[in-house]
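Novice: Pasting in a structure now, in structure tokens, and then I'll have a few things to ask.
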Amino acid sequence: MILEPFKPFTAAAFMVKYATEGWERRDAARLRRRVFCEEQGLFEGDDRDGIDDIATPIVALSDLGVAPGDVVGTVRIHEEAPGLWWGSRLAVAADHRSVGAIGPALIRLAVSSAHARGCTRFLANVQSQNGLLFRRMRWRVVGEFELLGRPHLRMEADLAHYPPFRAPETGFHAHSRKAA
């Protein structure tokens, strides 16, 4: 009998919702620091900025069946002007990136919940290497530029593909596209 190496447990189901609890907001901020400061080196110490004061944080929680688990993904949204919404700081925990469903589920809730709140245009500045994911989700490129020393795409969501979702505080379940 051949034993396979130990693989850490990765939840196959996730709850995607607005961060309504203090621990969800705190753990989302911790995940952002890990991804944008430690892994990518885009910011020194912390990635918080003035947008965090007005943004709505969204989290993906590993679903352990009984109680919510860890924050394994996050994004924030905010309304810059009436009808004009932005998404930013999309981050997925390194050990959950292979799941493939977390980023798209966060994007879906971000755009659909903004749509329900009066969004007529939804934009995001996306690192170029992530452009294909957004294109597959019905976003189009409206500009290219460099930000923090990295190539970025300014992208716009096709709102017709994102029906308004009016229960973002309770959110929805998402499942992995492949077995964990």
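Chain labels A, B, ... are given in the sequence in which chains occur in the structure tokens; within each chain residues are numbered consecutively from 1, and ligands are likewise numbered from 1 in the order shown.
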Just list as a ChimeraX atom specification whatever in segment 2-96 of chain A DSSP marks as strand (DSSP E or B).

Specialist: /A:13-18,56-63,68-81,84-92

Novice: Quick one: pick out all helix (DSSP H, G or I) residues within segment 38-145 of chain A from a backbone DSSP run and write them as a PyMOL selection string.

Specialist: chain A and resi 38-39+50-53+94-99+102-116+128-136

Novice: Let's have the selection written as an mmCIF file, in the first residue's frame, with N, CA and C atoms.

Specialist:
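selection.cif written:
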data_model
loop_
_atom_site.group_PDB
_atom_site.id
_atom_site.type_symbol
_atom_site.label_atom_id
_atom_site.label_comp_id
_atom_site.auth_asym_id
_atom_site.auth_seq_id
_atom_site.Cartn_x
_atom_site.Cartn_y
_atom_site.Cartn_z
ATOM 1 N N GLU A 38 2.558 41.122 2.509
ATOM 2 C CA GLU A 38 3.559 40.074 2.689
ATOM 3 C C GLU A 38 3.849 39.316 1.392
ATOM 4 N N GLU A 39 2.819 38.816 0.711
ATOM 5 C CA GLU A 39 3.039 38.010 -0.495
ATOM 6 C C GLU A 39 3.466 38.851 -1.692
ATOM 7 N N GLY A 50 -8.091 55.454 2.763
ATOM 8 C CA GLY A 50 -9.315 56.185 3.065
ATOM 9 C C GLY A 50 -10.581 55.513 2.561
ATOM 10 N N ILE A 51 -10.467 54.704 1.523
ATOM 11 C CA ILE A 51 -11.647 54.010 0.991
ATOM 12 C C ILE A 51 -12.213 53.045 2.028
ATOM 13 N N ASP A 52 -11.349 52.483 2.870
ATOM 14 C CA ASP A 52 -11.838 51.557 3.895
ATOM 15 C C ASP A 52 -12.836 52.217 4.835
ATOM 16 N N ASP A 53 -12.766 53.543 4.987
ATOM 17 C CA ASP A 53 -13.692 54.246 5.869
ATOM 18 C C ASP A 53 -15.121 54.257 5.321
ATOM 19 N N ALA A 94 -3.929 31.977 0.073
ATOM 20 C CA ALA A 94 -3.068 31.168 -0.806
ATOM 21 C C ALA A 94 -3.485 29.706 -0.838
ATOM 22 N N ASP A 95 -3.832 29.146 0.317
ATOM 23 C CA ASP A 95 -4.181 27.728 0.359
ATOM 24 C C ASP A 95 -5.589 27.431 -0.161
ATOM 25 N N HIS A 96 -6.306 28.455 -0.623
ATOM 26 C CA HIS A 96 -7.643 28.261 -1.187
ATOM 27 C C HIS A 96 -7.742 28.724 -2.642
ATOM 28 N N ARG A 97 -6.660 29.220 -3.219
ATOM 29 C CA ARG A 97 -6.725 29.723 -4.594
ATOM 30 C C ARG A 97 -7.022 28.630 -5.606
ATOM 31 N N SER A 98 -6.587 27.415 -5.346
ATOM 32 C CA SER A 98 -6.813 26.332 -6.302
ATOM 33 C C SER A 98 -8.270 25.883 -6.341
ATOM 34 N N VAL A 99 -9.073 26.327 -5.379
ATOM 35 C CA VAL A 99 -10.481 25.955 -5.348
ATOM 36 C C VAL A 99 -11.193 26.498 -6.588
ATOM 37 N N ILE A 102 -13.853 30.860 -5.279
ATOM 38 C CA ILE A 102 -13.950 31.929 -4.283
ATOM 39 C C ILE A 102 -13.901 33.310 -4.919
ATOM 40 N N GLY A 103 -12.898 33.575 -5.751
ATOM 41 C CA GLY A 103 -12.798 34.881 -6.409
ATOM 42 C C GLY A 103 -14.045 35.208 -7.216
ATOM 43 N N PRO A 104 -14.491 34.305 -8.102
ATOM 44 C CA PRO A 104 -15.710 34.588 -8.860
ATOM 45 C C PRO A 104 -16.949 34.831 -7.983
ATOM 46 N N ALA A 105 -17.081 34.092 -6.888
ATOM 47 C CA ALA A 105 -18.235 34.292 -6.005
ATOM 48 C C ALA A 105 -18.179 35.659 -5.336
ATOM 49 N N LEU A 106 -16.986 36.081 -4.919
ATOM 50 C CA LEU A 106 -16.835 37.419 -4.327
ATOM 51 C C LEU A 106 -17.171 38.503 -5.348
ATOM 52 N N ILE A 107 -16.703 38.340 -6.576
ATOM 53 C CA ILE A 107 -16.987 39.306 -7.637
ATOM 54 C C ILE A 107 -18.491 39.360 -7.900
ATOM 55 N N ARG A 108 -19.120 38.195 -7.972
ATOM 56 C CA ARG A 108 -20.561 38.135 -8.235
ATOM 57 C C ARG A 108 -21.362 38.875 -7.156
ATOM 58 N N LEU A 109 -21.029 38.629 -5.881
ATOM 59 C CA LEU A 109 -21.763 39.319 -4.820
ATOM 60 C C LEU A 109 -21.453 40.813 -4.825
ATOM 61 N N ALA A 110 -20.215 41.181 -5.084
ATOM 62 C CA ALA A 110 -19.841 42.600 -5.117
ATOM 63 C C ALA A 110 -20.685 43.356 -6.142
ATOM 64 N N VAL A 111 -20.718 42.863 -7.358
ATOM 65 C CA VAL A 111 -21.426 43.574 -8.431
ATOM 66 C C VAL A 111 -22.942 43.476 -8.248
ATOM 67 N N SER A 112 -23.452 42.293 -7.942
ATOM 68 C CA SER A 112 -24.899 42.115 -7.817
ATOM 69 C C SER A 112 -25.482 42.892 -6.646
ATOM 70 N N SER A 113 -24.747 42.974 -5.537
ATOM 71 C CA SER A 113 -25.268 43.734 -4.391
ATOM 72 C C SER A 113 -25.212 45.232 -4.673
ATOM 73 N N ALA A 114 -24.162 45.699 -5.355
ATOM 74 C CA ALA A 114 -24.110 47.117 -5.750
ATOM 75 C C ALA A 114 -25.239 47.422 -6.735
ATOM 76 N N HIS A 115 -25.493 46.495 -7.649
ATOM 77 C CA HIS A 115 -26.581 46.660 -8.612
ATOM 78 C C HIS A 115 -27.908 46.850 -7.874
ATOM 79 N N ALA A 116 -28.114 46.098 -6.823
ATOM 80 C CA ALA A 116 -29.340 46.223 -6.030
ATOM 81 C C ALA A 116 -29.410 47.559 -5.292
ATOM 82 N N SER A 128 -3.106 42.935 -14.172
ATOM 83 C CA SER A 128 -3.215 42.383 -15.528
ATOM 84 C C SER A 128 -3.300 40.867 -15.565
ATOM 85 N N GLN A 129 -2.558 40.185 -14.698
ATOM 86 C CA GLN A 129 -2.580 38.713 -14.727
ATOM 87 C C GLN A 129 -3.938 38.147 -14.348
ATOM 88 N N ASN A 130 -4.821 38.957 -13.761
ATOM 89 C CA ASN A 130 -6.160 38.495 -13.393
ATOM 90 C C ASN A 130 -7.231 38.923 -14.400
ATOM 91 N N GLY A 131 -6.818 39.583 -15.469
ATOM 92 C CA GLY A 131 -7.768 40.086 -16.461
ATOM 93 C C GLY A 131 -8.616 39.000 -17.097
ATOM 94 N N LEU A 132 -8.036 37.833 -17.373
ATOM 95 C CA LEU A 132 -8.784 36.756 -18.018
ATOM 96 C C LEU A 132 -9.970 36.307 -17.163
ATOM 97 N N LEU A 133 -9.765 36.181 -15.860
ATOM 98 C CA LEU A 133 -10.872 35.810 -14.967
ATOM 99 C C LEU A 133 -12.025 36.795 -15.125
ATOM 100 N N PHE A 134 -11.729 38.084 -15.106
ATOM 101 C CA PHE A 134 -12.774 39.099 -15.212
ATOM 102 C C PHE A 134 -13.429 39.073 -16.592
ATOM 103 N N ARG A 135 -12.643 38.895 -17.643
ATOM 104 C CA ARG A 135 -13.233 38.805 -18.989
ATOM 105 C C ARG A 135 -14.219 37.635 -19.066
ATOM 106 N N ARG A 136 -13.851 36.513 -18.469
ATOM 107 C CA ARG A 136 -14.745 35.347 -18.464
ATOM 108 C C ARG A 136 -16.030 35.626 -17.706
#

Novice: Mind checking which residues fall within 12 Å of Glu146 of chain A, counting only C-alpha atoms, ignoring those fewer than 5 positions away in the same chain, and posting them as a list in words?

Specialist: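 Everything that qualifies: Asn125, Val126, Gln127, Ser128, Pro151, His152, Leu153 and Arg154 of chain A.
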
Novice: Can you tell me which residues surround Glu79 of chain A at a distance of at most 10 Å, considering only C-alpha atoms, apart from same-chain residues fewer than 6 positions away, and format the answer as an mmCIF file with C-alpha atoms, in the first residue's frame?

Specialist:
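In the end it all went to result-v2.cif:
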data_model
loop_
_atom_site.group_PDB
_atom_site.id
_atom_site.type_symbol
_atom_site.label_atom_id
_atom_site.label_comp_id
_atom_site.auth_asym_id
_atom_site.auth_seq_id
_atom_site.Cartn_x
_atom_site.Cartn_y
_atom_site.Cartn_z
ATOM 1 C CA ILE A 51 -11.647 54.010 0.991
ATOM 2 C CA ILE A 54 -16.601 54.165 3.383
ATOM 3 C CA ALA A 55 -16.298 50.718 1.788
ATOM 4 C CA THR A 56 -18.448 47.672 2.421
ATOM 5 C CA TRP A 85 -19.411 51.792 -7.829
ATOM 6 C CA TRP A 86 -15.915 50.363 -7.456
ATOM 7 C CA GLY A 87 -14.603 47.024 -6.301
ATOM 8 C CA ALA A 114 -24.110 47.117 -5.750
ATOM 9 C CA ARG A 117 -28.196 49.462 -4.353
ATOM 10 C CA GLY A 118 -28.516 51.574 -7.508
ATOM 11 C CA CYS A 119 -25.281 50.851 -9.355
ATOM 12 C CA ARG A 121 -21.615 51.424 -13.605
ATOM 13 C CA PHE A 122 -19.217 49.096 -11.743
#
